[in-house]
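J.: Pasting target-v4.json here (JSON, C-alpha atoms):
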```
[["chain", "number", "residue", "atom", "x", "y", "z"],
["A", 1, "LEU", "CA", 18.81, 113.71, -11.29],
["A", 2, "PRO", "CA", 18.76, 110.28, -13.04],
["A", 3, "LEU", "CA", 19.25, 111.93, -16.46],
["A", 4, "PHE", "CA", 22.62, 113.23, -15.21],
["A", 5, "SER", "CA", 23.96, 109.67, -15.11],
["A", 6, "ALA", "CA", 24.14, 109.57, -18.92],
["A", 7, "CYS", "CA", 26.10, 112.83, -19.00],
["A", 8, "SER", "CA", 28.64, 112.11, -16.30],
["A", 9, "SER", "CA", 28.37, 109.11, -14.02],
["A", 10, "SER", "CA", 30.87, 110.57, -11.53],
["A", 11, "THR", "CA", 28.97, 113.86, -11.24],
["A", 12, "TYR", "CA", 25.71, 111.93, -10.93],
["A", 13, "ARG", "CA", 27.10, 109.80, -8.08],
["A", 14, "GLU", "CA", 28.45, 112.89, -6.32],
["A", 15, "LEU", "CA", 25.14, 114.78, -6.65],
["A", 16, "LYS", "CA", 23.19, 111.72, -5.51],
["A", 17, "ASP", "CA", 25.41, 111.46, -2.48],
["A", 18, "LEU", "CA", 25.05, 115.17, -1.68],
["A", 19, "LEU", "CA", 21.33, 115.59, -2.45],
["A", 20, "ILE", "CA", 19.74, 112.24, -1.66],
["A", 21, "ASP", "CA", 22.00, 110.28, 0.64],
["A", 22, "HIS", "CA", 22.95, 113.19, 2.95],
["A", 23, "ASP", "CA", 21.57, 116.52, 4.14],
["A", 24, "VAL", "CA", 22.60, 119.59, 2.17],
["A", 25, "ILE", "CA", 24.63, 122.04, 4.22],
["A", 26, "GLU", "CA", 24.38, 125.75, 3.44],
["A", 27, "MET", "CA", 28.07, 125.86, 2.42],
["A", 28, "GLN", "CA", 27.60, 123.17, -0.23],
["A", 29, "LYS", "CA", 24.78, 124.84, -2.15],
["A", 30, "GLU", "CA", 26.98, 126.94, -4.46],
["A", 31, "TYR", "CA", 29.13, 123.92, -5.20],
["A", 32, "ILE", "CA", 26.04, 121.81, -5.96],
["A", 33, "PHE", "CA", 24.63, 124.54, -8.23],
["A", 34, "SER", "CA", 27.91, 124.67, -10.15],
["A", 35, "LYS", "CA", 27.91, 120.87, -10.60],
["A", 36, "ILE", "CA", 24.32, 120.94, -11.91],
["A", 37, "GLN", "CA", 25.09, 123.85, -14.24],
["A", 38, "SER", "CA", 28.08, 121.98, -15.64],
["A", 39, "LEU", "CA", 25.62, 119.42, -17.06],
["A", 40, "TYR", "CA", 23.22, 121.91, -18.68],
["A", 41, "SER", "CA", 24.69, 121.60, -22.18],
["A", 42, "CYS", "CA", 24.49, 117.80, -22.00],
["A", 43, "LEU", "CA", 20.78, 118.04, -21.22],
["A", 44, "GLY", "CA", 20.18, 120.71, -23.85],
["A", 45, "LEU", "CA", 19.56, 123.42, -21.24],
["A", 46, "THR", "CA", 20.85, 126.96, -20.85],
["A", 47, "CYS", "CA", 20.92, 129.33, -17.90],
["A", 48, "ASP", "CA", 18.32, 131.50, -19.62],
["A", 49, "LEU", "CA", 15.99, 128.54, -20.11],
["A", 50, "VAL", "CA", 16.27, 127.34, -16.51],
["A", 51, "GLY", "CA", 16.39, 130.84, -15.04],
["A", 52, "HIS", "CA", 18.71, 132.18, -12.37],
["A", 53, "MET", "CA", 18.88, 135.01, -9.90],
["A", 54, "GLU", "CA", 20.43, 138.21, -11.28],
["A", 55, "GLN", "CA", 23.00, 138.44, -8.49],
["A", 56, "GLU", "CA", 24.11, 134.85, -9.13],
["A", 57, "GLU", "CA", 26.56, 133.84, -11.80],
["A", 58, "CYS", "CA", 25.41, 131.10, -14.12],
["A", 59, "ASP", "CA", 27.86, 129.26, -16.33],
["A", 60, "ASP", "CA", 26.21, 126.77, -18.66],
["A", 61, "SER", "CA", 29.32, 126.49, -20.90],
["A", 62, "SER", "CA", 27.09, 126.98, -23.96],
["A", 63, "ASP", "CA", 29.67, 129.27, -25.57],
["A", 64, "LEU", "CA", 32.53, 126.81, -25.11],
["A", 65, "LYS", "CA", 34.69, 126.57, -28.23],
["A", 66, "SER", "CA", 36.76, 123.55, -27.24],
["A", 67, "LEU", "CA", 36.21, 119.84, -26.91],
["A", 68, "ALA", "CA", 38.43, 117.43, -24.96],
["A", 69, "GLY", "CA", 41.04, 120.15, -24.66],
["A", 70, "TYR", "CA", 41.14, 120.96, -28.41],
["A", 71, "ARG", "CA", 39.89, 124.30, -29.67],
["A", 72, "TYR", "CA", 37.82, 124.35, -32.86],
["A", 73, "VAL", "CA", 36.84, 127.02, -35.33],
["A", 74, "SER", "CA", 33.95, 125.33, -37.16],
["A", 75, "ASP", "CA", 30.24, 125.75, -36.45],
["A", 76, "GLN", "CA", 29.81, 125.42, -32.69],
["A", 77, "GLN", "CA", 26.30, 123.94, -32.80],
["A", 78, "THR", "CA", 27.37, 121.23, -35.26],
["A", 79, "VAL", "CA", 30.36, 120.23, -33.15],
["A", 80, "ASN", "CA", 28.40, 120.30, -29.88],
["A", 81, "LYS", "CA", 25.52, 118.22, -31.23],
["A", 82, "ALA", "CA", 27.77, 115.67, -32.93],
["A", 83, "SER", "CA", 29.88, 115.36, -29.78],
["A", 84, "GLN", "CA", 26.86, 114.11, -27.84],
["A", 85, "ILE", "CA", 26.46, 110.86, -29.78],
["A", 86, "ASP", "CA", 27.84, 108.90, -26.83],
["A", 87, "ILE", "CA", 25.32, 110.50, -24.48],
["A", 88, "ASP", "CA", 22.41, 109.46, -26.71],
["A", 89, "MET", "CA", 23.83, 105.92, -26.86],
["A", 90, "ARG", "CA", 24.11, 105.80, -23.07],
["A", 91, "LYS", "CA", 20.54, 107.11, -22.63],
["A", 92, "VAL", "CA", 19.23, 104.38, -24.95],
["A", 93, "GLU", "CA", 20.94, 101.82, -22.72],
["A", 94, "ILE", "CA", 19.56, 103.44, -19.53],
["A", 95, "PHE", "CA", 15.97, 103.47, -20.85],
["A", 96, "ILE", "CA", 16.12, 99.80, -21.80],
["A", 97, "GLN", "CA", 17.91, 98.77, -18.58],
["A", 98, "ASN", "CA", 15.33, 100.61, -16.46],
["A", 99, "GLY", "CA", 12.57, 98.84, -18.36],
["A", 100, "MET", "CA", 14.16, 95.47, -17.59],
["A", 101, "THR", "CA", 14.84, 96.10, -13.90],
["A", 102, "GLN", "CA", 12.37, 98.69, -12.65],
["A", 103, "PHE", "CA", 9.30, 98.36, -14.89],
["A", 104, "LYS", "CA", 9.07, 94.70, -15.82],
["A", 105, "GLY", "CA", 5.50, 95.00, -17.16],
["A", 106, "SER", "CA", 6.39, 98.02, -19.27],
["A", 107, "GLN", "CA", 9.57, 96.84, -20.98],
["A", 108, "GLU", "CA", 8.24, 97.38, -24.50],
["A", 109, "ILE", "CA", 7.20, 100.95, -23.65],
["A", 110, "LEU", "CA", 10.76, 101.78, -22.62],
["A", 111, "PHE", "CA", 12.12, 99.99, -25.70],
["A", 112, "GLY", "CA", 9.80, 102.36, -27.61],
["A", 113, "THR", "CA", 11.15, 105.37, -25.71],
["A", 114, "ALA", "CA", 14.71, 104.28, -26.48],
["A", 115, "PHE", "CA", 13.72, 103.77, -30.13],
["A", 116, "GLY", "CA", 12.37, 107.34, -30.22],
["A", 117, "LEU", "CA", 15.69, 108.61, -28.89],
["A", 118, "TYR", "CA", 17.49, 106.54, -31.53],
["A", 119, "ASN", "CA", 15.29, 108.02, -34.29],
["A", 120, "TYR", "CA", 15.14, 111.66, -33.23],
["A", 121, "GLY", "CA", 18.11, 112.29, -30.97],
["A", 122, "GLN", "CA", 18.06, 114.31, -27.79],
["A", 123, "HIS", "CA", 16.36, 117.25, -29.49],
["A", 124, "SER", "CA", 13.87, 116.43, -32.24],
["A", 125, "GLN", "CA", 14.57, 119.66, -34.17],
["A", 126, "TYR", "CA", 18.09, 118.34, -34.88],
["A", 127, "THR", "CA", 17.26, 114.94, -36.39],
["A", 128, "GLU", "CA", 20.32, 115.12, -38.66],
["A", 129, "TYR", "CA", 22.37, 114.40, -35.52],
["A", 130, "SER", "CA", 20.27, 111.43, -34.44],
["A", 131, "LEU", "CA", 21.75, 107.96, -34.20],
["A", 132, "SER", "CA", 19.42, 106.66, -36.92],
["A", 133, "SER", "CA", 20.46, 109.37, -39.40],
["A", 134, "MET", "CA", 24.08, 108.45, -38.77],
["A", 135, "ALA", "CA", 23.25, 104.79, -39.41],
["A", 136, "ARG", "CA", 21.58, 105.72, -42.73],
["A", 137, "ASP", "CA", 24.15, 108.27, -43.91],
["A", 138, "THR", "CA", 24.60, 107.98, -47.70],
["A", 139, "ASN", "CA", 28.04, 109.64, -47.74],
["A", 140, "ARG", "CA", 29.72, 106.33, -46.86],
["A", 141, "ASN", "CA", 29.39, 105.02, -50.43],
["A", 142, "ILE", "CA", 32.60, 106.77, -51.46],
["A", 143, "VAL", "CA", 34.65, 104.73, -48.94],
["A", 144, "PRO", "CA", 36.03, 101.58, -50.61],
["A", 145, "SER", "CA", 35.86, 99.40, -47.46],
["A", 146, "PHE", "CA", 32.13, 100.11, -47.07],
["A", 147, "VAL", "CA", 31.41, 97.95, -50.14],
["A", 148, "SER", "CA", 32.77, 94.91, -48.28],
["A", 149, "PHE", "CA", 30.52, 95.54, -45.29],
["A", 150, "ARG", "CA", 27.48, 96.07, -47.50],
["A", 151, "ARG", "CA", 28.20, 92.85, -49.43],
["A", 152, "TYR", "CA", 28.62, 90.89, -46.17],
["A", 153, "PHE", "CA", 25.23, 92.10, -44.91],
["A", 154, "GLY", "CA", 23.31, 91.13, -48.06],
["A", 155, "SER", "CA", 23.68, 94.36, -50.06],
["A", 156, "ASP", "CA", 21.85, 96.34, -47.36],
["A", 157, "ALA", "CA", 23.48, 99.79, -47.36],
["A", 158, "ASN", "CA", 21.77, 100.56, -44.04],
["A", 159, "TYR", "CA", 22.49, 97.22, -42.40],
["A", 160, "VAL", "CA", 23.10, 98.64, -38.90],
["A", 161, "ASP", "CA", 19.87, 100.62, -39.00],
["A", 162, "THR", "CA", 17.93, 97.60, -40.28],
["A", 163, "MET", "CA", 19.22, 95.36, -37.50],
["A", 164, "LEU", "CA", 18.70, 97.99, -34.79],
["A", 165, "VAL", "CA", 15.13, 98.74, -35.89],
["A", 166, "ASN", "CA", 14.37, 94.99, -35.80],
["A", 167, "ALA", "CA", 15.87, 94.70, -32.32],
["A", 168, "PHE", "CA", 13.96, 97.73, -30.98],
["A", 169, "GLN", "CA", 10.65, 96.55, -32.47],
["A", 170, "LYS", "CA", 11.13, 92.81, -31.76],
["A", 171, "GLU", "CA", 10.92, 91.87, -35.43],
["A", 172, "GLY", "CA", 12.85, 89.57, -37.78],
["A", 173, "VAL", "CA", 15.46, 87.45, -36.00],
["A", 174, "PHE", "CA", 14.60, 89.23, -32.72],
["A", 175, "GLN", "CA", 10.97, 88.00, -32.53],
["A", 176, "LEU", "CA", 11.91, 85.28, -30.03],
["A", 177, "ALA", "CA", 14.80, 87.13, -28.38],
["A", 178, "SER", "CA", 14.62, 88.04, -24.71],
["A", 179, "ALA", "CA", 14.71, 91.67, -23.58],
["A", 180, "ASP", "CA", 18.26, 91.14, -22.30],
["A", 181, "GLN", "CA", 19.42, 89.72, -25.65],
["A", 182, "ARG", "CA", 17.87, 92.64, -27.52],
["A", 183, "LYS", "CA", 19.42, 95.15, -25.11],
["A", 184, "ARG", "CA", 22.87, 93.59, -25.47],
["A", 185, "PHE", "CA", 22.63, 93.63, -29.26],
["A", 186, "ILE", "CA", 21.41, 97.24, -29.36],
["A", 187, "VAL", "CA", 24.15, 98.49, -27.02],
["A", 188, "PHE", "CA", 26.87, 96.53, -28.85],
["A", 189, "SER", "CA", 25.69, 97.71, -32.27],
["A", 190, "LEU", "CA", 25.49, 101.35, -31.21],
["A", 191, "ASN", "CA", 28.92, 101.28, -29.58],
["A", 192, "TYR", "CA", 30.84, 99.28, -32.17],
["A", 193, "MET", "CA", 28.99, 99.08, -35.49],
["A", 194, "LEU", "CA", 27.32, 102.50, -35.68],
["A", 195, "THR", "CA", 30.33, 104.46, -34.49],
["A", 196, "TYR", "CA", 32.57, 102.65, -36.97],
["A", 197, "MET", "CA", 30.12, 103.33, -39.83],
["A", 198, "THR", "CA", 29.94, 106.98, -38.81],
["A", 199, "THR", "CA", 33.69, 107.40, -39.12],
["A", 200, "LEU", "CA", 33.76, 105.83, -42.61]]
```
The structure in this file should be written as structure tokens.

T.:
Amino acid sequence: LPLFSACSSSTYRELKDLLIDHDVIEMQKEYIFSKIQSLYSCLGLTCDLVGHMEQEECDDSSDLKSLAGYRYVSDQQTVNKASQIDIDMRKVEIFIQNGMTQFKGSQEILFGTAFGLYNYGQHSQYTEYSLSSMARDTNRNIVPSFVSFRRYFGSDANYVDTMLVNAFQKEGVFQLASADQRKRFIVFSLNYMLTYMTTL
């Protein structure tokens, strides 16, 4: 259930209320199943993978050919994986935040888990859609404004990746930084620097 919070915080809160905070009534079960199934694609699951009863309908929306109300014709897998960049960014934040609040002695382990998600993405077989591959994308060199950013950051073409790796691994200027300072930098850089570089 906690993984749902990265996919849809409103659905997570509703499911938490229905499943944890209150007793489940027989009438609500189909509704709860439909809410859980609506998050399958976000978690990389399908009805076939999870399994379902033959007499039940399962809709994992894996064959959806639209995004935010717009229909697309291009490769569905490419669009679906690229559209989940915000979910990976949110999961990185959740891992680090949980390390700071719930597992104080294991903060660095959860920074490592978040770093793994940054490097490999939600599904390791699709590393070309990982946050780190987006930060190191070489196709930006054709954009004239990228030269200014690279010059500002000391001719480092992968400046966002360099800074993020240092923050995750507590190296460079982050050696003396607190966990909260590192978390704030990582979240800010993913949300504002990485996404901007990706659109270049």

J.: Can you measure atom CA of Cys58 of chain A to atom CA of Cys7 of chain A for me? One decimal in Å is fine.

T.: 18.9 Å

J.: One number please: atom CA of Ala167 of chain A to atom CA of Gln107 of chain A, in Å, one decimal.

T.: 13.1 Å

J.: Could you check the closest approach to Tyr196 of chain A for each of A:Asp180, A:Val173, A:Leu49, A:Phe146 and tell me which residue wins, using all atoms listed in the file?

T.: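 Of all the options, A:Phe146 lies closest to Tyr196 of chain A.
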
J.: Given the choices A:Asp23, A:Glu30, A:Asp161, A:Glu171, which gets closest to Met193 of chain A if the distance is worked out from all atoms listed in the file?

T.: A:Asp161

J.: Using all atoms listed in the file, find the one residue out of A:Leu117, A:Val160, A:Ala6, A:Val92 that sits nearest to Lys183 of chain A.

T.: A:Val92

J.: What is the distance between atom CA of Val165 of chain A and atom CA of Met197 of chain A, in Å to one decimal?

T.: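 For atom CA of Val165 of chain A relative to atom CA of Met197 of chain A, the distance reads 16.2 Å.
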
J.: Near Glu93 of chain A, within 10 Å and counting all atoms listed in the file, which residues show up once chain neighbours fewer than 5 positions away are dropped, as a PyMOL selection string?

T.: chain A and resi 6+87-88+98-99+111+114+183-184+186-187+190

J.: Which is closest to Cys47 of chain A among A:Glu128, A:Gly172, A:Phe33, A:Ile109, if we use all atoms listed in the file?

T.: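 For Cys47 of chain A, the nearest of the candidates is A:Phe33.
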
J.: Between A:Val50, A:Val147, A:Leu110, A:Met134, which is the closest to Ile96 of chain A once you count all atoms listed in the file?

T.: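 The shortest atom-to-atom distance to Ile96 of chain A comes from A:Leu110.
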